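Chemist: The structure is given below, and queries will be raised subsequently.
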Amino acid sequence: MKKWLVRIGFFILVLFFAGLITTAVSAFWLSRNLPNPERISERAVAESTKIYDRTGKILLYDIHGEEKRTIIPFEQIPSNLIHATLAAEDARFYQHTGIDLRGFARAVIGYIRNRQAGPGGSTITQQLVKKALLSDERTISRKIKEAILAILLERKYSKDEILSMYLNQIPYGSNAYGISAAAQTFFGKQASELTLAEAATLAALPNAPTRLSPYGSHQDELANRRNYVLDRMMEAGFATKEEATAAKNAVVMVIPPRQGLIAPHFVMYVREYLQEKYGENAVEQSGFKVITTLDVDMQNAAEKIIKESAELNEKQAGAANAAAVVINPKTGDILAMAGSADYWSTPKPNGCKPGVNCRLDPHVNIATRSRQPGSSFKPFVYATALKKGFTPETVLFDVFTEFNTYCNTDGTPGPSAGPETHCYHPQDYDSTFRGPVNLRQALAQSLNVPAVKLLYLAGIKDSIATAQSMGISTLTDPSRYGLSLVLGGAEVTLLDMTSAYGVFAQDGILHPRTAVIRIENTKGDLLEEKKDSAIPVLDTEVARTMNSMLSDNQARVPVFSPSSSLYFPGKKIAAKTGTTQDYRDAWTVGYTPSIVIGVWVGNSDNTAMRHSSASVMVAAPIWHKLMAYGLDKIPPEEFIAPEKKEPTKAILRGAYRGGPFVKIDSVSKKLATEYTPPELVQEIGLGPVQSILGLINKDDPLGPPPTNPYEDIQYSHWQSGIDAWTLGHGIPSATVPSETDDVHTPEKHPNISLVLPDPNLDQLKDIRQITTSVNAAFPLREVSLFINDELIDSKTAPIITQQLTFPLTTPLAPGNYTIKITAYDAMENKETLEQKVTVVK
C-alpha cells in the first residue's frame, strides 16, 4: 500500500510540474508579441466605419465622423460617477492586482447557474487593456494576454491613474469617448454637474454602448441596467437606500442628438447588427464600408409623411407617435424604416420619463418593438384555414357567440364557472352583428366573431405555425395563446409583419428581410454579401387567394367607404387594417407584388387613442400616402388570379342551410344565369339553418360531416347564437326563386362610345384629352381610362354626367396606341371598349 501511495504521489507531482511548465511556456510564448503597456496612454487612431445607402454613394453615417473626446483630471471626476462605475464594473478594483479571482469565480458560477456570466468577470484594468491594446475576439489566448497586460499595467500605474485612463478613454456610444464627452453628449453638462441618476446611467453604458444607447430602441434595458448599478452602489455602501430609490424614480432628461446622420432608426438598426456580428471594437475601429438596402428617397418621404401625419393625429385622435417600414418583397430589402414620428424631437409630454410615461419616445424604434397587431393578424389565420380546404365562399355567422364553454350562451358565467372564469364574446367596433357572411366579406370588413370562429376551425397551433413560417418571430410559446389570438392577442413587430405580408405578395415565397447588401474592409476585401434566398412557405394558390381577398375593395364597402384610404382607382392593392380592442395600437399593412408597406400609430406608453375606428382614421391615411409615393417609383404589376375550383361540399361553396341547393344572383336574389358574374353567384340551401360545426368536421373539413355535432364542445354555443339571431331577424324559409336574373344581361351592360379623338379618323394629331360617352341602365360606379394597358385616370361614383373627359398631362407623342375604357355600374355589370389609334406629327 505504501508503495502504491508513493507512486500516486510521484505521479501527481509530475503532473503538477508539467502543468506549471506548460503554463509558463504558454505564457512566455503568448507574451512575446504583447503590445507595450505604456501605449495605454496613447490615443488610438481608429479607422472609421461608414454606412451607405443602396447606391453606395450617399453616406448615411460615419461612426467616427464626429468623435468627441475630452480628457479631464481624475480629481475633477465626481465621486458619484467613480462609485457608479466601480459598482457597475469592478467593486473590488482597489483590492485586486489587475485580475480578480473572486470576481472571476462569480462569473463562472453565474454562467453555470444561468448560462449567463455573473458580475465581475473582467476587471476595469482588463477592460481598459482590451479596449486600448487588444480586440474583442473571444479566444483563450486573447484572455491570457489580457490578464498578463493587466498585471503589468497595475505594476506601472497607480489605481487612480488606471481608473482615470479608463474613464477618459472608454466608449460610451454616439461617438463619445470618456466621461466628459459622454456628459456633454447626453446631458449637455460638465461631468462635475451630473446627478446620481445621470451618473448611474452613464455607468450603465460601457456594458453595451450601442444596444443601451440613450438614443436607441432599448430604453427599458437601459433603465434596468441603471437600476442594477444603483442597487450595486447601495450594496457597496456608495449610496443609501433613499438615495438609490430617488435616483431610480428620477426623470433622466437626455438632450436631442446632433443631426449628423440620415435615416437614424435604420442606421442604429444596422449598427446593432454589425455590433452583434463583428463586436463593438471592430465596428468602432476596423473601417468597414457598409452598403445597405436603404432607398434614401423612400426614406425621406416616409419620415416627412410620418412627421406631418403624427402632428395631425395627435390633435384629432390623441396619437402622438407613428412608425413605418417599406420592404421590397421580391428581395427582402428594407427600403425605408421610420421608427418614430420624429427621431430629432424631444419626448412628449415635457417632463415625461422615457420608457415609462412618454406618449412619444422618439429614439425608440417602434418598428422593432413588440406591439399587439389587432386584426392585422387575421390573414395568417385565414391562410391557415384556406390550406385546410376552407374557401372564400365559406359562410360563418356573425352573431353574438359565447366562446367560453364554462359560460352560458348568453355570456353569463355558467354553473361550472369558477371565480377566475372570464366569459368571452367579442364584438365589432360598432357593436353590430351582420348574420351570415362569407370569409371574403368577413376578412374585408374585419369582422371579429367570424374570425374567432375561423381560428377555432383552423386551429391555434397551426395558425401560429403559419405565422412563424412567414417570418413572425415573437410567438415563441404557442401554449400562451387562446382564441383572442386572431384579434391581436399576441405581440408582434412592425418589421416582422411587413416582411411576412411580403410572402402573400410573392405567391407564398419568403425572401428574408435584410438591411445589408455587402460589407468591405479597408482593403476592399468582401466580408459579407447578401445572397438572395427564396423559401417556399405557403401554397401558391393559398397566397393568390389571400391576395384576391385582401385586394377586394367591393367586399370592404359595407364597413369602409368605396373610396377609403385602402382604395386606389384602377389598381388592385391588398391591405389589412388592425386596431386593438382598447385602441392602443392602430395598424395598416398593404402590398403589391413589388412593394410592402406597414404603418403603426399609437402612443409609446400605451395610452389609448380617442377613436374606435383608429386604424382607418390614423394609420390608413399614412399608409395610403406612402403607397402612392411608392407606386410612382415602380412599374405597374398585377396579382395573378387564383385558379377557380368548385368544392364538392355545398357549405364550402357558400351555402349555410342544408340541401337541396340552388344558385342565385346575390344582387337580384333571382336564379343565376350564364350572364351573372361568377363572383355574384351564390349557392343557397333550402334546408334548415345550421352552424358550420354541424356540416363539417373541423379536423377534416373535406371529409364526411360529423355524425353527432354535439361532440364538438363549441357546437351548442354556436348554434344557440345562430338560432337567437334568426329568430330576431326573421330569416324566411328558403324557396326556389321563380324568376331568373334580369339585372346582369347584355342589354343592361354600360354602353361606351369614344367621342374624342374621333374613332373614324385614321390619323390623329395633338391629342390632349380623351372624351367618352357612357350610357348605363344603373348608376355608374367607376369609369377608367387605359392607354396601352397603363391606367391613366379613373372617375368614381357619384358620376352624374353621361360624357366624361380625361385630360392628359402631356399630348400623345406620334405612334400607335390602344385606348381602353372600362365601366362598372352599381350592379357590377362591366363593359370594355378598345380603340386603336395612330398619332402623327
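Identifiers for the C-alpha cells are assigned positionally: chains receive A, B, ... in sequence, residues are indexed from 1 per chain, and ligands are indexed from 1 in the order shown.
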So which residues touch Thr771 (chain A) within 8 Å, counting only C-alpha atoms, skipping near sequence neighbours fewer than 3 positions away, as a ChimeraX atom specification?
Modeler: /A:754-757,803-806
Chemist: What's the 10 Å shell around region 398-402 of chain A, counting only C-alpha atoms, without same-chain residues fewer than 3 positions away, as a count of residues only?
Modeler: 42
Chemist: Enumerate as a VMD selection string all residues of region 258-389 of chain A assigned to alpha helix (DSSP H) by DSSP on the backbone, naming them with the chain letters and numbers the document uses.
Modeler: chain A and resid 264 to 278 280 to 285 296 to 317 378 to 387
Chemist: Residues of the last selection are to be written out with N, CA and C atoms, as a short mmCIF file (atom, residue, chain, number, x, y, z; two decimals), in the first residue's frame.
Modeler:
```cif
data_model
loop_
_atom_site.label_atom_id
_atom_site.label_comp_id
_atom_site.auth_asym_id
_atom_site.auth_seq_id
_atom_site.Cartn_x
_atom_site.Cartn_y
_atom_site.Cartn_z
N PRO A 264 -31.97 57.75 -39.09
CA PRO A 264 -31.35 57.36 -37.81
C PRO A 264 -31.79 56.01 -37.26
N HIS A 265 -33.10 55.71 -37.29
CA HIS A 265 -33.53 54.42 -36.74
C HIS A 265 -32.97 53.26 -37.57
N PHE A 266 -32.94 53.42 -38.88
CA PHE A 266 -32.40 52.38 -39.75
C PHE A 266 -30.90 52.21 -39.50
N VAL A 267 -30.19 53.33 -39.38
CA VAL A 267 -28.75 53.27 -39.15
C VAL A 267 -28.44 52.58 -37.82
N MET A 268 -29.20 52.89 -36.78
CA MET A 268 -28.98 52.25 -35.49
C MET A 268 -29.31 50.75 -35.56
N TYR A 269 -30.30 50.42 -36.36
CA TYR A 269 -30.65 49.00 -36.57
C TYR A 269 -29.48 48.27 -37.24
N VAL A 270 -28.88 48.90 -38.26
CA VAL A 270 -27.73 48.31 -38.95
C VAL A 270 -26.53 48.24 -38.02
N ARG A 271 -26.29 49.31 -37.28
CA ARG A 271 -25.13 49.32 -36.38
C ARG A 271 -25.26 48.22 -35.32
N GLU A 272 -26.48 48.03 -34.81
CA GLU A 272 -26.68 46.98 -33.82
C GLU A 272 -26.39 45.60 -34.43
N TYR A 273 -26.80 45.41 -35.68
CA TYR A 273 -26.49 44.16 -36.39
C TYR A 273 -24.98 43.98 -36.51
N LEU A 274 -24.27 45.04 -36.88
CA LEU A 274 -22.81 44.96 -37.02
C LEU A 274 -22.15 44.64 -35.68
N GLN A 275 -22.63 45.30 -34.63
CA GLN A 275 -22.04 45.09 -33.31
C GLN A 275 -22.24 43.65 -32.83
N GLU A 276 -23.44 43.11 -33.08
CA GLU A 276 -23.72 41.74 -32.65
C GLU A 276 -22.90 40.72 -33.44
N LYS A 277 -22.64 41.02 -34.72
CA LYS A 277 -21.92 40.05 -35.56
C LYS A 277 -20.41 40.20 -35.47
N TYR A 278 -19.92 41.44 -35.42
CA TYR A 278 -18.47 41.65 -35.51
C TYR A 278 -17.85 42.17 -34.22
N GLU A 280 -18.13 45.23 -30.81
CA GLU A 280 -18.13 46.68 -30.68
C GLU A 280 -16.82 47.28 -31.17
N ASN A 281 -15.68 46.66 -30.78
CA ASN A 281 -14.38 47.21 -31.17
C ASN A 281 -14.20 47.21 -32.68
N ALA A 282 -14.62 46.11 -33.32
CA ALA A 282 -14.46 46.02 -34.78
C ALA A 282 -15.26 47.11 -35.48
N VAL A 283 -16.47 47.35 -35.00
CA VAL A 283 -17.30 48.40 -35.61
C VAL A 283 -16.68 49.78 -35.37
N GLU A 284 -16.12 49.97 -34.19
CA GLU A 284 -15.55 51.27 -33.84
C GLU A 284 -14.24 51.55 -34.58
N GLN A 285 -13.45 50.50 -34.88
CA GLN A 285 -12.06 50.74 -35.28
C GLN A 285 -11.65 50.15 -36.63
N VAL A 296 -32.93 56.13 -50.16
CA VAL A 296 -32.95 57.41 -49.46
C VAL A 296 -34.20 58.22 -49.81
N ASP A 297 -34.62 58.20 -51.08
CA ASP A 297 -35.83 58.95 -51.46
C ASP A 297 -37.05 58.41 -50.73
N MET A 298 -37.17 57.08 -50.68
CA MET A 298 -38.30 56.47 -49.99
C MET A 298 -38.23 56.77 -48.49
N GLN A 299 -37.03 56.75 -47.93
CA GLN A 299 -36.85 57.05 -46.51
C GLN A 299 -37.25 58.49 -46.20
N ASN A 300 -36.81 59.42 -47.03
CA ASN A 300 -37.16 60.83 -46.80
C ASN A 300 -38.66 61.05 -46.89
N ALA A 301 -39.30 60.39 -47.85
CA ALA A 301 -40.76 60.51 -47.98
C ALA A 301 -41.45 59.93 -46.75
N ALA A 302 -40.97 58.78 -46.27
CA ALA A 302 -41.58 58.15 -45.10
C ALA A 302 -41.46 59.06 -43.88
N GLU A 303 -40.27 59.61 -43.65
CA GLU A 303 -40.08 60.47 -42.48
C GLU A 303 -40.95 61.72 -42.56
N LYS A 304 -41.05 62.32 -43.74
CA LYS A 304 -41.85 63.53 -43.91
C LYS A 304 -43.34 63.24 -43.69
N ILE A 305 -43.83 62.17 -44.30
CA ILE A 305 -45.25 61.82 -44.18
C ILE A 305 -45.58 61.45 -42.74
N ILE A 306 -44.72 60.66 -42.11
CA ILE A 306 -44.95 60.24 -40.73
C ILE A 306 -45.00 61.45 -39.79
N LYS A 307 -44.04 62.34 -39.93
CA LYS A 307 -43.98 63.50 -39.04
C LYS A 307 -45.21 64.39 -39.18
N GLU A 308 -45.56 64.73 -40.42
CA GLU A 308 -46.71 65.60 -40.66
C GLU A 308 -48.02 64.94 -40.18
N SER A 309 -48.17 63.65 -40.46
CA SER A 309 -49.40 62.95 -40.09
C SER A 309 -49.51 62.78 -38.58
N ALA A 310 -48.39 62.54 -37.90
CA ALA A 310 -48.42 62.35 -36.45
C ALA A 310 -48.88 63.62 -35.75
N GLU A 311 -48.47 64.77 -36.26
CA GLU A 311 -48.91 66.04 -35.66
C GLU A 311 -50.42 66.18 -35.77
N LEU A 312 -50.97 65.79 -36.92
CA LEU A 312 -52.42 65.85 -37.11
C LEU A 312 -53.13 64.82 -36.24
N ASN A 313 -52.58 63.58 -36.19
CA ASN A 313 -53.19 62.52 -35.40
C ASN A 313 -53.23 62.87 -33.91
N GLU A 314 -52.18 63.57 -33.44
CA GLU A 314 -52.15 63.92 -32.02
C GLU A 314 -53.30 64.86 -31.68
N LYS A 315 -53.59 65.77 -32.59
CA LYS A 315 -54.68 66.72 -32.34
C LYS A 315 -56.04 66.03 -32.45
N GLN A 316 -56.20 65.17 -33.44
CA GLN A 316 -57.52 64.61 -33.74
C GLN A 316 -57.83 63.34 -32.96
N ALA A 317 -56.81 62.55 -32.66
CA ALA A 317 -57.08 61.23 -32.06
C ALA A 317 -56.25 60.94 -30.82
N LYS A 378 -55.17 38.72 -38.63
CA LYS A 378 -56.17 37.80 -39.18
C LYS A 378 -55.72 37.06 -40.44
N PRO A 379 -54.99 37.71 -41.38
CA PRO A 379 -54.61 36.99 -42.60
C PRO A 379 -53.86 35.68 -42.36
N PHE A 380 -53.10 35.57 -41.29
CA PHE A 380 -52.39 34.32 -41.02
C PHE A 380 -53.37 33.20 -40.67
N VAL A 381 -54.44 33.56 -39.98
CA VAL A 381 -55.47 32.57 -39.63
C VAL A 381 -56.27 32.19 -40.87
N TYR A 382 -56.64 33.16 -41.68
CA TYR A 382 -57.38 32.88 -42.91
C TYR A 382 -56.55 32.01 -43.86
N ALA A 383 -55.25 32.29 -43.96
CA ALA A 383 -54.39 31.48 -44.83
C ALA A 383 -54.33 30.04 -44.32
N THR A 384 -54.29 29.87 -43.00
CA THR A 384 -54.27 28.52 -42.43
C THR A 384 -55.57 27.78 -42.75
N ALA A 385 -56.69 28.49 -42.67
CA ALA A 385 -57.98 27.87 -43.00
C ALA A 385 -58.04 27.48 -44.47
N LEU A 386 -57.54 28.34 -45.35
CA LEU A 386 -57.53 28.00 -46.78
C LEU A 386 -56.67 26.77 -47.05
N LYS A 387 -55.56 26.65 -46.33
CA LYS A 387 -54.71 25.47 -46.50
C LYS A 387 -55.47 24.19 -46.17
#
```
Chemist: Would you please work out which residue, of A:Asp605, A:Asp496, A:Asp525, A:Asp762, is nearest to Ala319 (chain A) when using only C-alpha atoms?
Modeler: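 Of all the options, A:Asp605 lies closest to Ala319 (chain A).
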Chemist: Taking only C-alpha atoms into account, which of A:Gly459, A:Gly654, A:Pro329, A:Pro392 comes nearest Val542 (chain A)?
Modeler: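 The answer is A:Pro392, which sits nearest to Val542 (chain A).
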Chemist: Need the shell around Val837 (chain A): protein/DNA/RNA residues with any atom at most 10 Å away, counting only C-alpha atoms. Skip same-chain ones fewer than 5 positions apart. Format as a PyMOL selection string?
Modeler: chain A and resi 757-764+815-819
Chemist: Residues within 8 Å of Arg556 (chain A), please, as a tab-separated table (two decimals) with N, CA, C and O atoms, in the first residue's frame. Count only C-alpha atoms; anything in the same chain fewer than 6 positions from it doesn't count.
Modeler:
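Result file result-v5.tsv:
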```tsv
chain	number	residue	atom	x	y	z
A	441	GLN	N	-66.02	38.35	-47.29
A	441	GLN	CA	-66.63	39.52	-46.67
A	441	GLN	C	-66.12	39.73	-45.25
A	441	GLN	O	-65.83	40.86	-44.84
A	444	ALA	N	-62.53	41.15	-45.40
A	444	ALA	CA	-62.50	42.50	-45.95
A	444	ALA	C	-63.12	43.52	-45.00
A	444	ALA	O	-62.65	44.66	-44.90
A	445	GLN	N	-64.15	43.12	-44.28
A	445	GLN	CA	-64.82	44.02	-43.34
A	445	GLN	C	-64.28	43.90	-41.91
A	445	GLN	O	-64.76	44.55	-41.00
A	562	PRO	N	-66.42	53.32	-50.25
A	562	PRO	CA	-65.90	52.83	-51.54
A	562	PRO	C	-64.56	53.45	-51.90
A	562	PRO	O	-63.77	52.84	-52.60
```
Chemist: Please measure the separation of CA of Leu196 (chain A) and CA of Glu235 (chain A), giving the value in Å to one decimal.
Modeler: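 For CA of Leu196 (chain A) relative to CA of Glu235 (chain A), the distance reads 15.3 Å.
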Chemist: Applying 12 Å and only C-alpha atoms, which residues near Asp766 (chain A) remain after dropping the ones on its own chain fewer than 6 positions away? List them as an MDAnalysis selection string.
Modeler: chainID A and resid 756:757 808 810:815 838:841
Chemist: Return as a ChimeraX atom specification the full set of residues in region 290-494 of chain A whose backbone-based DSSP assignment is strand (DSSP E or B).
Modeler: /A:290-292,321-328,333-338,348,360,370-371,395-398,407,413,435-438,492-493
Chemist: Find the residue from A:Ile144, A:Met165, A:Leu261, A:Ala574 that sits nearest to Thr125 (chain A); use only C-alpha atoms when measuring.
Modeler: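 Ranking A:Ile144, A:Met165, A:Leu261, A:Ala574 by distance to Thr125 (chain A), first place goes to A:Met165.
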